[in-house]
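This report concerns only the one structure given below.
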Amino acid sequence: MGSKEVLHFASLGCQLGEGPLWHPGEKRLYGVDIERRMIWRVDPIDGRSEQYALPVQVGCLGLRVQDDFVLATEHGFGFWQPTEGKWSPIEDPEADRPQARFNDGAVDPAGRFWAGTMTPKGFENSLYRLDPDQSVHKMETDIGISNGIDWSPDGKTMYFTDSPRKVIYVYDYDPDSGEIENRRTWVDSNEEAGVPDGLCVDSAGCIWSARWDGWRIIRYDPQGQRMLDIPLPVQRPTSCAFGGTDLQTLFITSAWSGLTKRERHEQPFAGDLFIVQPDEPGQEPNRFKG
């Protein structure tokens, strides 16, 4: 049986910790501190962390088949090789919108990289798909802040969060073509505390959603019914991902961005990394085939 006890795991102190991603080959957890333009890496055995500075704000990262990374940043898509410290831009589909930056994203079951944009206000953002041939496709529009995205274990359903609307959508997803259709509201959180942020799907097809300003993470069944509500000692959990050699550990990132001095004093672990041991393991991360 898994444990629902939340443990403080690593003192990262991220201003805006996001995008946790398990690297099975290295047996390390990667993630980003968006506002500090940093990528971090944590050893799950002892919690030791390393940091890598980049010339751009990174919203999220995905694994490539080559074991390095594809990124979505404030200046579009690119590749990153941590061993060489090399950052290689690919394309910025929103170069004409300097107020926008890429936020959350993930690699789909067929090896394509999805990521969406955000702005401080308004609903003029989009969700993009980067294919292995490096072509970029606009897949959804009229988004407030593109956030948590993942796929069901059978690869036929895509979940996607629009945070300002406090809604998680579900789409029918075609792994062969990469097309999405039949968008419908899967979870509407407008009557709840907190805002849906990052998410991940476990091997049972249940969805874990971090709640910014909600002090918690929530597990839903595939029908969108709340199954589990786990309180956290921080106001702004941001995202979650499964890792560990057995994919049995749920890692939860957080942020202190926007908190007052008093709130930060009352939340000494804000910006740090937490873990929970659920009953069901996660899914191994998909790899970008480009």
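Convention: chains lettered A, B, ... in structure tokens order; per-chain residue numbering from 1; ligands numbered from 1 as shown.
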Give me the range 69-134 of chain A side of the contact with range 29-53 of chain A, cut-off 10 Å, one line per residue showing its nearest atom pair and distance in Å at one decimal, counting only C-alpha atoms, sorted by chain and residue number, as a tab-separated table.
residue	atom	partner	partner_atom	distance
A:Thr73	CA	A:Ile34	CA	8.9
A:Glu74	CA	A:Ile34	CA	9.4
A:Pro82	CA	A:Tyr52	CA	7.7
A:Gly85	CA	A:Tyr52	CA	8.0
A:Asn103	CA	A:Ile34	CA	8.8
Selection to disk with C-alpha atoms, as a tab-separated table (two decimals), in the first residue's frame:
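New file result_27.tsv:
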chain	number	residue	atom	x	y	z
A	73	THR	CA	10.86	28.69	-23.51
A	74	GLU	CA	10.07	32.38	-23.58
A	82	PRO	CA	23.27	19.42	-20.20
A	85	GLY	CA	25.65	23.20	-21.68
A	103	ASN	CA	4.58	27.57	-20.10
Next item on the list: Write out as an MDAnalysis selection string the residues lying within 6 Å of range 246-254 of chain A, counting only C-alpha atoms and excluding same-chain residues fewer than 2 positions away.
Entry: chainID A and resid 17:18 236:244 271:277 281:282
What would the file look like if the residues just selected were written as a short mmCIF file (atom, residue, chain, number, x, y, z; two decimals), in the first residue's frame with all heavy atoms?
data_model
loop_
_atom_site.label_atom_id
_atom_site.label_comp_id
_atom_site.auth_asym_id
_atom_site.auth_seq_id
_atom_site.Cartn_x
_atom_site.Cartn_y
_atom_site.Cartn_z
N GLY A 17 9.13 26.99 -9.25
CA GLY A 17 9.48 25.61 -9.59
C GLY A 17 8.38 24.98 -10.42
O GLY A 17 7.19 25.11 -10.09
N GLU A 18 8.75 24.29 -11.48
CA GLU A 18 7.75 23.72 -12.40
C GLU A 18 8.36 22.53 -13.15
O GLU A 18 9.53 22.22 -13.03
CB GLU A 18 7.29 24.77 -13.43
CG GLU A 18 6.12 25.62 -12.99
CD GLU A 18 4.78 24.89 -13.13
OE1 GLU A 18 4.79 23.67 -13.44
OE2 GLU A 18 3.74 25.53 -12.93
N ARG A 236 1.39 27.25 -2.87
CA ARG A 236 1.48 27.24 -4.33
C ARG A 236 2.20 26.02 -4.89
O ARG A 236 3.27 26.15 -5.49
CB ARG A 236 2.13 28.54 -4.82
CG ARG A 236 1.22 29.73 -4.52
CD ARG A 236 1.69 31.05 -5.04
NE ARG A 236 0.56 31.98 -5.03
CZ ARG A 236 0.64 33.28 -5.26
NH1 ARG A 236 1.82 33.82 -5.52
NH2 ARG A 236 -0.45 34.03 -5.24
N PRO A 237 1.61 24.82 -4.72
CA PRO A 237 2.13 23.69 -5.48
C PRO A 237 1.87 23.94 -6.96
O PRO A 237 0.87 24.56 -7.33
CB PRO A 237 1.31 22.51 -4.97
CG PRO A 237 0.05 23.11 -4.45
CD PRO A 237 0.42 24.48 -3.94
N THR A 238 2.80 23.51 -7.81
CA THR A 238 2.72 23.88 -9.22
C THR A 238 2.51 22.71 -10.17
O THR A 238 1.81 22.84 -11.18
CB THR A 238 4.00 24.62 -9.64
OG1 THR A 238 5.12 23.79 -9.34
CG2 THR A 238 4.12 25.95 -8.90
N SER A 239 3.15 21.57 -9.89
CA SER A 239 3.05 20.45 -10.82
C SER A 239 3.47 19.17 -10.12
O SER A 239 3.86 19.18 -8.95
CB SER A 239 3.91 20.70 -12.06
OG SER A 239 3.60 19.77 -13.08
N CYS A 240 3.39 18.07 -10.85
CA CYS A 240 3.71 16.77 -10.26
C CYS A 240 4.12 15.80 -11.37
O CYS A 240 3.72 15.94 -12.52
CB CYS A 240 2.51 16.22 -9.49
SG CYS A 240 0.97 16.16 -10.43
N ALA A 241 4.92 14.82 -10.98
CA ALA A 241 5.37 13.80 -11.93
C ALA A 241 5.82 12.58 -11.14
O ALA A 241 6.35 12.69 -10.03
CB ALA A 241 6.53 14.30 -12.78
N PHE A 242 5.61 11.40 -11.73
CA PHE A 242 6.07 10.17 -11.11
C PHE A 242 7.52 9.90 -11.47
O PHE A 242 7.97 10.21 -12.57
CB PHE A 242 5.21 9.00 -11.57
CG PHE A 242 3.87 8.93 -10.87
CD1 PHE A 242 2.77 9.61 -11.37
CD2 PHE A 242 3.72 8.20 -9.70
CE1 PHE A 242 1.54 9.56 -10.72
CE2 PHE A 242 2.51 8.14 -9.04
CZ PHE A 242 1.41 8.82 -9.55
N GLY A 243 8.24 9.30 -10.51
CA GLY A 243 9.63 8.95 -10.74
C GLY A 243 10.07 7.86 -9.79
O GLY A 243 9.25 7.22 -9.12
N GLY A 244 11.37 7.68 -9.72
CA GLY A 244 11.92 6.57 -8.96
C GLY A 244 12.04 5.35 -9.86
O GLY A 244 11.40 5.26 -10.91
N GLY A 271 8.60 26.66 -2.57
CA GLY A 271 9.62 26.56 -3.61
C GLY A 271 10.40 25.27 -3.58
O GLY A 271 11.26 25.04 -4.43
N ASP A 272 10.10 24.41 -2.61
CA ASP A 272 10.83 23.15 -2.46
C ASP A 272 10.11 21.99 -3.14
O ASP A 272 9.03 22.15 -3.72
CB ASP A 272 11.04 22.84 -0.98
CG ASP A 272 12.06 23.76 -0.32
OD1 ASP A 272 12.67 24.56 -1.05
OD2 ASP A 272 12.22 23.69 0.90
N LEU A 273 10.72 20.81 -3.06
CA LEU A 273 10.21 19.60 -3.70
C LEU A 273 9.66 18.66 -2.62
O LEU A 273 10.32 18.43 -1.59
CB LEU A 273 11.34 18.92 -4.47
CG LEU A 273 11.01 17.68 -5.29
CD1 LEU A 273 10.07 18.03 -6.45
CD2 LEU A 273 12.31 17.07 -5.83
N PHE A 274 8.49 18.10 -2.89
CA PHE A 274 7.82 17.20 -1.96
C PHE A 274 7.56 15.85 -2.64
O PHE A 274 7.54 15.77 -3.87
CB PHE A 274 6.48 17.80 -1.50
CG PHE A 274 6.63 19.13 -0.83
CD1 PHE A 274 6.67 20.31 -1.58
CD2 PHE A 274 6.77 19.23 0.54
CE1 PHE A 274 6.84 21.54 -0.97
CE2 PHE A 274 6.93 20.46 1.16
CZ PHE A 274 6.96 21.62 0.41
N ILE A 275 7.34 14.82 -1.82
CA ILE A 275 7.01 13.51 -2.37
C ILE A 275 5.85 12.87 -1.63
O ILE A 275 5.60 13.16 -0.46
CB ILE A 275 8.22 12.54 -2.34
CG1 ILE A 275 8.72 12.31 -0.91
CG2 ILE A 275 9.33 13.02 -3.25
CD1 ILE A 275 9.76 11.20 -0.80
N VAL A 276 5.12 12.04 -2.36
CA VAL A 276 4.05 11.20 -1.83
C VAL A 276 4.25 9.81 -2.45
O VAL A 276 4.75 9.69 -3.57
CB VAL A 276 2.66 11.76 -2.22
CG1 VAL A 276 1.54 10.83 -1.77
CG2 VAL A 276 2.45 13.14 -1.64
N GLN A 277 3.87 8.77 -1.72
CA GLN A 277 3.96 7.39 -2.24
C GLN A 277 2.54 6.86 -2.48
O GLN A 277 1.93 6.29 -1.59
CB GLN A 277 4.70 6.50 -1.23
CG GLN A 277 6.09 6.96 -0.87
CD GLN A 277 7.10 6.74 -1.99
OE1 GLN A 277 6.88 5.95 -2.90
NE2 GLN A 277 8.21 7.46 -1.93
N PRO A 281 1.54 3.12 -9.43
CA PRO A 281 2.71 3.78 -10.02
C PRO A 281 2.29 4.71 -11.16
O PRO A 281 1.14 4.69 -11.62
CB PRO A 281 3.54 2.61 -10.54
CG PRO A 281 2.54 1.54 -10.83
CD PRO A 281 1.46 1.70 -9.80
N GLY A 282 3.25 5.47 -11.62
CA GLY A 282 3.02 6.35 -12.75
C GLY A 282 3.35 5.67 -14.08
O GLY A 282 3.57 4.46 -14.15
#
Margin query: Using only C-alpha atoms, which protein or nucleic acid residues come within 10 Å of Phe288 in chain A? Drop anything in the same chain fewer than 4 positions from it, and give the result as number ranges by chain.
Written below: A: 62-70, 106-114, 130-132
Note to self: Could you tell me how far CA of Leu61 in chain A sits from CA of Gly25 in chain A, in Å to one decimal place?
What the structure shows: 15.8 Å
Item checked: Polymer residues at most 8 Å from Tyr159 in chain A, only C-alpha atoms, same-chain spacing of 6 or more positions, as a VMD selection string -> chain A and resid 148 to 151 168 to 171
Can you tell me, as an mmCIF file with N, CA and C atoms, in the first residue's frame, what residues are no more than 12 Å from Ala95 in chain A when counting only C-alpha atoms, ignoring any on the same chain fewer than 2 positions away?
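Resulting contents of around_12.cif:
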data_model
loop_
_atom_site.group_PDB
_atom_site.id
_atom_site.type_symbol
_atom_site.label_atom_id
_atom_site.label_comp_id
_atom_site.auth_asym_id
_atom_site.auth_seq_id
_atom_site.Cartn_x
_atom_site.Cartn_y
_atom_site.Cartn_z
ATOM 1 N N THR A 73 10.294 27.566 -24.244
ATOM 2 C CA THR A 73 10.857 28.687 -23.508
ATOM 3 C C THR A 73 10.122 29.989 -23.812
ATOM 4 N N GLU A 74 10.637 31.067 -23.266
ATOM 5 C CA GLU A 74 10.066 32.382 -23.577
ATOM 6 C C GLU A 74 10.323 32.780 -25.032
ATOM 7 N N HIS A 75 11.237 32.074 -25.695
ATOM 8 C CA HIS A 75 11.538 32.356 -27.100
ATOM 9 C C HIS A 75 11.340 31.123 -27.970
ATOM 10 N N GLY A 76 10.329 30.327 -27.661
ATOM 11 C CA GLY A 76 9.982 29.206 -28.511
ATOM 12 C C GLY A 76 10.665 27.904 -28.135
ATOM 13 N N PHE A 77 10.697 26.987 -29.096
ATOM 14 C CA PHE A 77 11.223 25.643 -28.871
ATOM 15 C C PHE A 77 12.733 25.589 -29.102
ATOM 16 N N GLU A 91 12.485 27.004 -33.208
ATOM 17 C CA GLU A 91 11.547 27.957 -33.825
ATOM 18 C C GLU A 91 10.725 28.617 -32.741
ATOM 19 N N ASP A 92 10.401 29.889 -32.946
ATOM 20 C CA ASP A 92 9.516 30.620 -32.040
ATOM 21 C C ASP A 92 8.248 31.006 -32.788
ATOM 22 N N PRO A 93 7.150 30.249 -32.612
ATOM 23 C CA PRO A 93 5.931 30.549 -33.353
ATOM 24 C C PRO A 93 5.215 31.807 -32.862
ATOM 25 N N ARG A 97 4.880 38.186 -30.453
ATOM 26 C CA ARG A 97 4.165 38.470 -29.208
ATOM 27 C C ARG A 97 5.158 38.457 -28.041
ATOM 28 N N PRO A 98 5.931 39.520 -27.878
ATOM 29 C CA PRO A 98 6.971 39.526 -26.834
ATOM 30 C C PRO A 98 6.420 39.418 -25.425
ATOM 31 N N GLN A 99 5.124 39.702 -25.251
ATOM 32 C CA GLN A 99 4.543 39.615 -23.921
ATOM 33 C C GLN A 99 4.204 38.176 -23.534
ATOM 34 N N ALA A 100 4.265 37.261 -24.493
ATOM 35 C CA ALA A 100 3.903 35.864 -24.248
ATOM 36 C C ALA A 100 5.163 35.022 -24.058
ATOM 37 N N ARG A 101 4.997 33.933 -23.307
ATOM 38 C CA ARG A 101 6.061 32.937 -23.193
ATOM 39 C C ARG A 101 5.427 31.561 -23.127
ATOM 40 N N PHE A 102 6.217 30.543 -23.478
ATOM 41 C CA PHE A 102 5.727 29.180 -23.323
ATOM 42 C C PHE A 102 5.714 28.797 -21.849
ATOM 43 N N THR A 117 1.288 28.576 -24.636
ATOM 44 C CA THR A 117 1.768 29.883 -24.205
ATOM 45 C C THR A 117 0.878 30.478 -23.128
#
Margin query: For Asn147 in chain A, find every residue with an atom within 7 Å (counting only C-alpha atoms), except residues of its own chain fewer than 2 positions away, and show them as a PyMOL selection string.
Written below: chain A and resi 103-104+145+149+160-163+197-198
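One distance worth recording is that between CA of Asn125 in chain A and CA of Glu140 in chain A, which is 8.5 Å.
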Next item on the list: Using backbone DSSP assignments, extract all strand (DSSP E or B) residues from range 121-272 of chain A; output them as an MDAnalysis selection string.
Entry: chainID A and resid 125:130 136:143 145:151 157:162 167:173 180:188 195:202 207:212 216:220 226:231 237:243 249:255
